[in-house]
Amino acid sequence: MAPIIIQPAITVKTLSESPNLKSIPSNYDNSAIYPSDSPVSHPLHHSNSIPTVDFSLLTSTDPHQRSDAINCLNKACQDWGFFMVVNHGIPENLMKAVIDGTQGFFNMTEEEKKEFEGKHVMDPIRCGTSFNTSKEKVFFWRDYLKVFVHPHFHSPSKPEGYSDIMLEYCKKSRQVAKELLGGISQGLGLEECYLEKSLEMKKSGFQIFIANYYPCCPQPQLALGMPPHSDHGLLTLIIQNQVGGLQVQHQGKWIHVNALPNSLLVNTGDHLEIFSNGKYKSNVHRVVVNNTSPRISVAVAHGPSLEAIVSPASPLVHSESNPPAYVPMKYKDYMELQQSNQLHQKSILEQVKIDEGN
Ligand SMILES: O=C(O)CCC(=O)C(=O)O
Ligand SMILES: [Fe+2]
């Protein structure tokens, strides 16, 4: 049985709404563990600009347009592990409905939300605060709802209409992820469907819907919404309520993400790093909070089948010139390990990495 998560008595949203809250409780003060480090760059000048992938070119019938888009996508995976997708075809009103429905979910009373709390890290629906309060001494300024949505669709029964919106959005998001992964597969020199086939994604690819609520924080410089971490899986697609806070690590610097309206933000995950044998490093990102506007984000992670044993793709490894750099591991075991521990940098990926020189 997967480990149990014990939740704090109240959510951070309720805590943030306490009258006259001027400072944060010491168990939310992350400044000793994560001291403010290097200055954060706003991507204004060219070298810092976050890559943008035009999805309409990737799906174009013109082979030149498609091949340019594939090059752009693969360069983004190699240089950043993070990119924005525009012209993705997911309707604006559906994206807005997802954010509004998520607001509705977190607006429910503590008692109503308790019903969806879940107990174990592999429960298909669970909401809570921080990341893993059973393991953390200091909590993050974040409430979450995590729902397994593929191959079996789950959803909380409240608020009304949320489930239908989630279903529609997750379907569309899966389609976008499939096209991106096809382009990535080709960019790695493989057939378009190689990745999808070898990781058994078509029927049983795992998809998880993660809704995040970062309330206003009276001392944002001391708190952290999410610590530096990489995601499990292959690609995470993120949308937000136009309030910034996501920062990505690039060439040793934190870059603040200014998302284009209606764009999708995409992170490459640990399993793309493993599959590509380290060519595409999973992106490290974090979330900072502010004292003026609550931030809502919805991150949908797309991974292999939970039963797939993920290892570097065999056509990409050569015993002498490019030996496998990661130990094969079942995706389900990897995910359970990540969710059962503290979230920190790439600590789980380090455990499957084969040390150079061994
Ligand atoms: O809130 C965000 O923008 C990112 C959330 C995130 O990194 C995650 O849920 O893994
Ligand atoms: Fe993440």
# chains A, B, ... in the order shown; residues from 1 in each chain; ligands from 1

$ residues_near_ligand --ligand "ligand 1" --cutoff "10 Å" --atoms "only C-alpha atoms and all ligand atoms" --output "PDB file with C-alpha atoms, in the first residue's frame"
ATOM      1  CA  PHE A 131       3.522  18.807  -1.490  1.00  0.00           C
ATOM      2  CA  ARG A 142       0.162  26.034  -2.108  1.00  0.00           C
ATOM      3  CA  TYR A 144      -3.497  21.350  -4.728  1.00  0.00           C
ATOM      4  CA  LEU A 145      -5.931  18.929  -6.282  1.00  0.00           C
ATOM      5  CA  LYS A 146      -4.465  15.933  -8.112  1.00  0.00           C
ATOM      6  CA  PHE A 209      -4.530  16.779 -13.755  1.00  0.00           C
ATOM      7  CA  ILE A 210      -2.915  18.958 -11.091  1.00  0.00           C
ATOM      8  CA  ALA A 211      -4.713  22.124 -10.043  1.00  0.00           C
ATOM      9  CA  ASN A 212      -2.679  24.534  -7.914  1.00  0.00           C
ATOM     10  CA  TYR A 213      -3.901  27.435  -5.795  1.00  0.00           C
ATOM     11  CA  TYR A 214      -1.297  29.872  -4.440  1.00  0.00           C
ATOM     12  CA  GLY A 225       4.757  28.139  -3.765  1.00  0.00           C
ATOM     13  CA  MET A 226       6.737  25.156  -4.999  1.00  0.00           C
ATOM     14  CA  PRO A 227      10.421  24.334  -4.508  1.00  0.00           C
ATOM     15  CA  PRO A 228      12.850  23.799  -7.381  1.00  0.00           C
ATOM     16  CA  HIS A 229      11.895  20.443  -8.904  1.00  0.00           C
ATOM     17  CA  SER A 230      11.469  18.521 -12.126  1.00  0.00           C
ATOM     18  CA  ASP A 231       8.258  16.688 -13.039  1.00  0.00           C
ATOM     19  CA  HIS A 232       7.855  12.945 -13.530  1.00  0.00           C
ATOM     20  CA  THR A 236       3.597  18.770 -18.535  1.00  0.00           C
ATOM     21  CA  LEU A 237       1.215  21.312 -20.086  1.00  0.00           C
ATOM     22  CA  ILE A 238       0.465  24.310 -17.851  1.00  0.00           C
ATOM     23  CA  ILE A 239      -2.133  27.057 -18.007  1.00  0.00           C
ATOM     24  CA  GLN A 240      -2.592  29.844 -15.437  1.00  0.00           C
ATOM     25  CA  ASN A 241      -4.888  32.711 -14.492  1.00  0.00           C
ATOM     26  CA  VAL A 243      -0.801  35.791 -12.600  1.00  0.00           C
ATOM     27  CA  GLY A 244       2.913  35.098 -12.856  1.00  0.00           C
ATOM     28  CA  GLY A 245       4.975  33.089 -10.380  1.00  0.00           C
ATOM     29  CA  LEU A 246       6.444  30.235 -12.402  1.00  0.00           C
ATOM     30  CA  GLN A 247      10.209  30.461 -12.867  1.00  0.00           C
ATOM     31  CA  VAL A 248      12.357  28.116 -14.912  1.00  0.00           C
ATOM     32  CA  VAL A 257       7.909  33.164 -17.151  1.00  0.00           C
ATOM     33  CA  LEU A 265       3.550  26.362 -21.063  1.00  0.00           C
ATOM     34  CA  VAL A 266       5.362  23.065 -21.455  1.00  0.00           C
ATOM     35  CA  ASN A 267       7.924  21.407 -19.188  1.00  0.00           C
ATOM     36  CA  GLY A 269       9.839  15.659 -17.527  1.00  0.00           C
ATOM     37  CA  ASN A 283      13.475  21.133 -16.677  1.00  0.00           C
ATOM     38  CA  VAL A 284      13.892  22.443 -13.122  1.00  0.00           C
ATOM     39  CA  HIS A 285      11.271  25.004 -12.145  1.00  0.00           C
ATOM     40  CA  ARG A 286       9.775  26.601  -9.015  1.00  0.00           C
ATOM     41  CA  VAL A 287       6.861  28.847  -8.089  1.00  0.00           C
ATOM     42  CA  VAL A 288       7.143  32.095  -6.144  1.00  0.00           C
ATOM     43  CA  VAL A 289       4.167  33.794  -4.483  1.00  0.00           C
ATOM     44  CA  ARG A 295      -2.400  32.493  -8.555  1.00  0.00           C
ATOM     45  CA  ILE A 296      -4.159  29.497 -10.085  1.00  0.00           C
ATOM     46  CA  SER A 297      -2.414  27.071 -12.403  1.00  0.00           C
ATOM     47  CA  VAL A 298      -3.427  23.774 -13.934  1.00  0.00           C
ATOM     48  CA  ALA A 299      -0.587  21.433 -14.853  1.00  0.00           C
ATOM     49  CA  VAL A 300      -1.504  18.312 -16.813  1.00  0.00           C
ATOM     50  CA  ALA A 301       1.320  15.780 -16.901  1.00  0.00           C
ATOM     51  CA  LEU A 343      10.051  17.391  -3.579  1.00  0.00           C
TER      52      LEU A 343
END

$ select_by_dssp --residues "segment 184-214 of chain A" --states "alpha helix (DSSP H)" --output "list in words"
Ile184, Ser185, Gln186, Gly187, Tyr194, Leu195, Glu196, Lys197, Ser198, Met201, Lys202, Lys203 and Ser204 of chain A

$ closest_residue --among "A:Pro3, A:Gly101, A:Pro25, A:Gly81" --to "Asn341 of chain A" --atoms "only C-alpha atoms"
A:Pro3

$ select_by_dssp --residues "segment 4-210 of chain A" --states "strand (DSSP E)" --output "PyMOL selection string"
chain A and resi 52-54+82-86+125-129+143-150+205-210

$ write_last_selection --atoms "C-alpha atoms" --output "mmCIF file, in the first residue's frame"
data_model
loop_
_atom_site.group_PDB
_atom_site.id
_atom_site.type_symbol
_atom_site.label_atom_id
_atom_site.label_comp_id
_atom_site.auth_asym_id
_atom_site.auth_seq_id
_atom_site.Cartn_x
_atom_site.Cartn_y
_atom_site.Cartn_z
ATOM 1 C CA THR A 52 7.905 29.472 -28.618
ATOM 2 C CA VAL A 53 6.566 26.583 -30.672
ATOM 3 C CA ASP A 54 3.854 27.297 -33.230
ATOM 4 C CA PHE A 82 10.692 24.436 -21.443
ATOM 5 C CA PHE A 83 8.699 26.248 -24.131
ATOM 6 C CA MET A 84 5.461 28.055 -24.885
ATOM 7 C CA VAL A 85 3.019 26.616 -27.395
ATOM 8 C CA VAL A 86 0.853 28.980 -29.439
ATOM 9 C CA ILE A 125 -8.277 11.905 -6.404
ATOM 10 C CA ARG A 126 -6.605 13.825 -3.616
ATOM 11 C CA CYS A 127 -6.350 17.405 -2.514
ATOM 12 C CA GLY A 128 -4.182 18.978 0.155
ATOM 13 C CA THR A 129 -1.618 21.601 1.035
ATOM 14 C CA ASP A 143 -3.062 24.027 -2.089
ATOM 15 C CA TYR A 144 -3.497 21.350 -4.728
ATOM 16 C CA LEU A 145 -5.931 18.929 -6.282
ATOM 17 C CA LYS A 146 -4.465 15.933 -8.112
ATOM 18 C CA VAL A 147 -6.651 13.708 -10.252
ATOM 19 C CA PHE A 148 -5.782 10.690 -12.420
ATOM 20 C CA VAL A 149 -7.582 11.320 -15.714
ATOM 21 C CA HIS A 150 -6.209 8.684 -18.110
ATOM 22 C CA GLY A 205 -0.678 6.527 -21.282
ATOM 23 C CA PHE A 206 -0.923 8.049 -17.826
ATOM 24 C CA GLN A 207 -2.325 11.552 -17.493
ATOM 25 C CA ILE A 208 -2.698 13.470 -14.246
ATOM 26 C CA PHE A 209 -4.530 16.779 -13.755
ATOM 27 C CA ILE A 210 -2.915 18.958 -11.091
#

$ residues_around --residues "segment 63-78 of chain A" --least-positions-apart "4" --cutoff "6 Å" --atoms "only C-alpha atoms" --output "list in words"
Pro51, Leu57, Leu58, Gly183, Gly187 and Tyr280 of chain A

$ write_last_selection --atoms "C-alpha atoms" --output "PDB file, in the first residue's frame"
ATOM      1  CA  PRO A  51      11.299  29.453 -26.941  1.00  0.00           C
ATOM      2  CA  LEU A  57       3.258  24.687 -38.132  1.00  0.00           C
ATOM      3  CA  LEU A  58       3.976  21.397 -36.392  1.00  0.00           C
ATOM      4  CA  GLY A 183       7.687  15.815 -33.245  1.00  0.00           C
ATOM      5  CA  GLY A 187      13.691  15.186 -33.714  1.00  0.00           C
ATOM      6  CA  TYR A 280      16.818  16.316 -23.239  1.00  0.00           C
TER       7      TYR A 280
END

$ residues_around --residues "His120 of chain A" --least-positions-apart "5" --cutoff "10 Å" --atoms "only C-alpha atoms" --output "PyMOL selection string"
chain A and resi 1-6+125-126+336+339-340

$ closest_residue --among "A:Ser319, A:Gln338, A:Gln103, A:Ser163" --to "ligand 2" --atoms "only C-alpha atoms and all ligand atoms"
A:Gln338

$ atom_distance --atom1 "atom CA of Tyr169 of chain A" --atom2 "atom CA of Leu94 of chain A"
6.8 Å

$ residues_around --residues "Ser311 of chain A" --least-positions-apart "4" --cutoff "7 Å" --atoms "only C-alpha atoms" --output "NGL selection string"
:A and (274-275 or 326-329)

$ write_last_selection --atoms "C-alpha atoms" --output "short mmCIF file (atom, residue, chain, number, x, y, z; two decimals), in the first residue's frame"
data_model
loop_
_atom_site.label_atom_id
_atom_site.label_comp_id
_atom_site.auth_asym_id
_atom_site.auth_seq_id
_atom_site.Cartn_x
_atom_site.Cartn_y
_atom_site.Cartn_z
CA ILE A 274 15.59 8.94 -19.42
CA PHE A 275 14.07 8.02 -22.81
CA TYR A 326 19.79 5.47 -16.53
CA VAL A 327 18.65 2.26 -14.88
CA PRO A 328 15.29 0.96 -16.19
CA MET A 329 12.43 1.52 -13.75
#

$ atom_distance --atom1 "atom CA of Cys216 of chain A" --atom2 "atom CA of Pro35 of chain A"
20.0 Å

$ residues_around --residues "Tyr194 of chain A" --least-positions-apart "2" --cutoff "12 Å" --atoms "only C-alpha atoms" --output "ChimeraX atom specification"
/A:178,181-192,196-202,275-276,313-316

$ decode --residues "segment 189-212 of chain A" --atoms "N, CA and C atoms" --output "mmCIF file, in the first residue's frame"
data_model
loop_
_atom_site.group_PDB
_atom_site.id
_atom_site.type_symbol
_atom_site.label_atom_id
_atom_site.label_comp_id
_atom_site.auth_asym_id
_atom_site.auth_seq_id
_atom_site.Cartn_x
_atom_site.Cartn_y
_atom_site.Cartn_z
ATOM 1 N N GLY A 189 15.435 11.498 -34.142
ATOM 2 C CA GLY A 189 15.846 10.601 -35.228
ATOM 3 C C GLY A 189 15.057 9.298 -35.232
ATOM 4 N N LEU A 190 13.939 9.269 -34.527
ATOM 5 C CA LEU A 190 13.122 8.051 -34.470
ATOM 6 C C LEU A 190 11.865 8.258 -35.319
ATOM 7 N N GLU A 191 11.108 7.178 -35.503
ATOM 8 C CA GLU A 191 9.835 7.337 -36.215
ATOM 9 C C GLU A 191 8.893 8.159 -35.361
ATOM 10 N N GLU A 192 7.938 8.807 -36.026
ATOM 11 C CA GLU A 192 7.019 9.699 -35.305
ATOM 12 C C GLU A 192 6.300 8.983 -34.147
ATOM 13 N N CYS A 193 5.911 7.726 -34.379
ATOM 14 C CA CYS A 193 5.127 7.061 -33.327
ATOM 15 C C CYS A 193 6.001 6.185 -32.408
ATOM 16 N N TYR A 194 7.326 6.268 -32.552
ATOM 17 C CA TYR A 194 8.203 5.383 -31.766
ATOM 18 C C TYR A 194 7.985 5.554 -30.261
ATOM 19 N N LEU A 195 8.015 6.795 -29.836
ATOM 20 C CA LEU A 195 7.900 7.082 -28.399
ATOM 21 C C LEU A 195 6.536 6.606 -27.870
ATOM 22 N N GLU A 196 5.501 6.979 -28.595
ATOM 23 C CA GLU A 196 4.140 6.613 -28.181
ATOM 24 C C GLU A 196 3.985 5.094 -28.096
ATOM 25 N N LYS A 197 4.542 4.389 -29.091
ATOM 26 C CA LYS A 197 4.394 2.930 -29.126
ATOM 27 C C LYS A 197 5.227 2.270 -28.040
ATOM 28 N N SER A 198 6.488 2.681 -27.928
ATOM 29 C CA SER A 198 7.362 1.946 -27.013
ATOM 30 C C SER A 198 6.976 2.196 -25.553
ATOM 31 N N LEU A 199 6.297 3.310 -25.268
ATOM 32 C CA LEU A 199 5.897 3.572 -23.875
ATOM 33 C C LEU A 199 4.405 3.278 -23.650
ATOM 34 N N GLU A 200 3.816 2.569 -24.614
ATOM 35 C CA GLU A 200 2.421 2.091 -24.513
ATOM 36 C C GLU A 200 1.460 3.211 -24.164
ATOM 37 N N MET A 201 1.589 4.327 -24.898
ATOM 38 C CA MET A 201 0.824 5.505 -24.495
ATOM 39 C C MET A 201 -0.582 5.578 -25.072
ATOM 40 N N LYS A 202 -0.779 4.980 -26.245
ATOM 41 C CA LYS A 202 -2.037 5.216 -26.942
ATOM 42 C C LYS A 202 -3.243 4.830 -26.079
ATOM 43 N N LYS A 203 -3.235 3.579 -25.612
ATOM 44 C CA LYS A 203 -4.388 3.121 -24.808
ATOM 45 C C LYS A 203 -4.187 3.414 -23.336
ATOM 46 N N SER A 204 -2.925 3.305 -22.859
ATOM 47 C CA SER A 204 -2.771 3.352 -21.410
ATOM 48 C C SER A 204 -1.818 4.423 -20.910
ATOM 49 N N GLY A 205 -1.539 5.429 -21.746
ATOM 50 C CA GLY A 205 -0.678 6.527 -21.282
ATOM 51 C C GLY A 205 -1.279 7.170 -20.034
ATOM 52 N N PHE A 206 -0.436 7.476 -19.080
ATOM 53 C CA PHE A 206 -0.923 8.049 -17.826
ATOM 54 C C PHE A 206 -1.021 9.564 -17.969
ATOM 55 N N GLN A 207 -2.133 10.102 -17.474
ATOM 56 C CA GLN A 207 -2.325 11.552 -17.493
ATOM 57 C C GLN A 207 -2.862 11.965 -16.123
ATOM 58 N N ILE A 208 -2.250 12.987 -15.558
ATOM 59 C CA ILE A 208 -2.698 13.470 -14.246
ATOM 60 C C ILE A 208 -2.955 14.972 -14.322
ATOM 61 N N PHE A 209 -4.081 15.379 -13.759
ATOM 62 C CA PHE A 209 -4.530 16.779 -13.755
ATOM 63 C C PHE A 209 -4.178 17.345 -12.374
ATOM 64 N N ILE A 210 -3.339 18.368 -12.372
ATOM 65 C CA ILE A 210 -2.915 18.958 -11.091
ATOM 66 C C ILE A 210 -3.336 20.422 -11.069
ATOM 67 N N ALA A 211 -4.274 20.735 -10.172
ATOM 68 C CA ALA A 211 -4.713 22.124 -10.043
ATOM 69 C C ALA A 211 -4.009 22.715 -8.825
ATOM 70 N N ASN A 212 -3.433 23.895 -8.997
ATOM 71 C CA ASN A 212 -2.679 24.534 -7.914
ATOM 72 C C ASN A 212 -3.300 25.874 -7.551
#
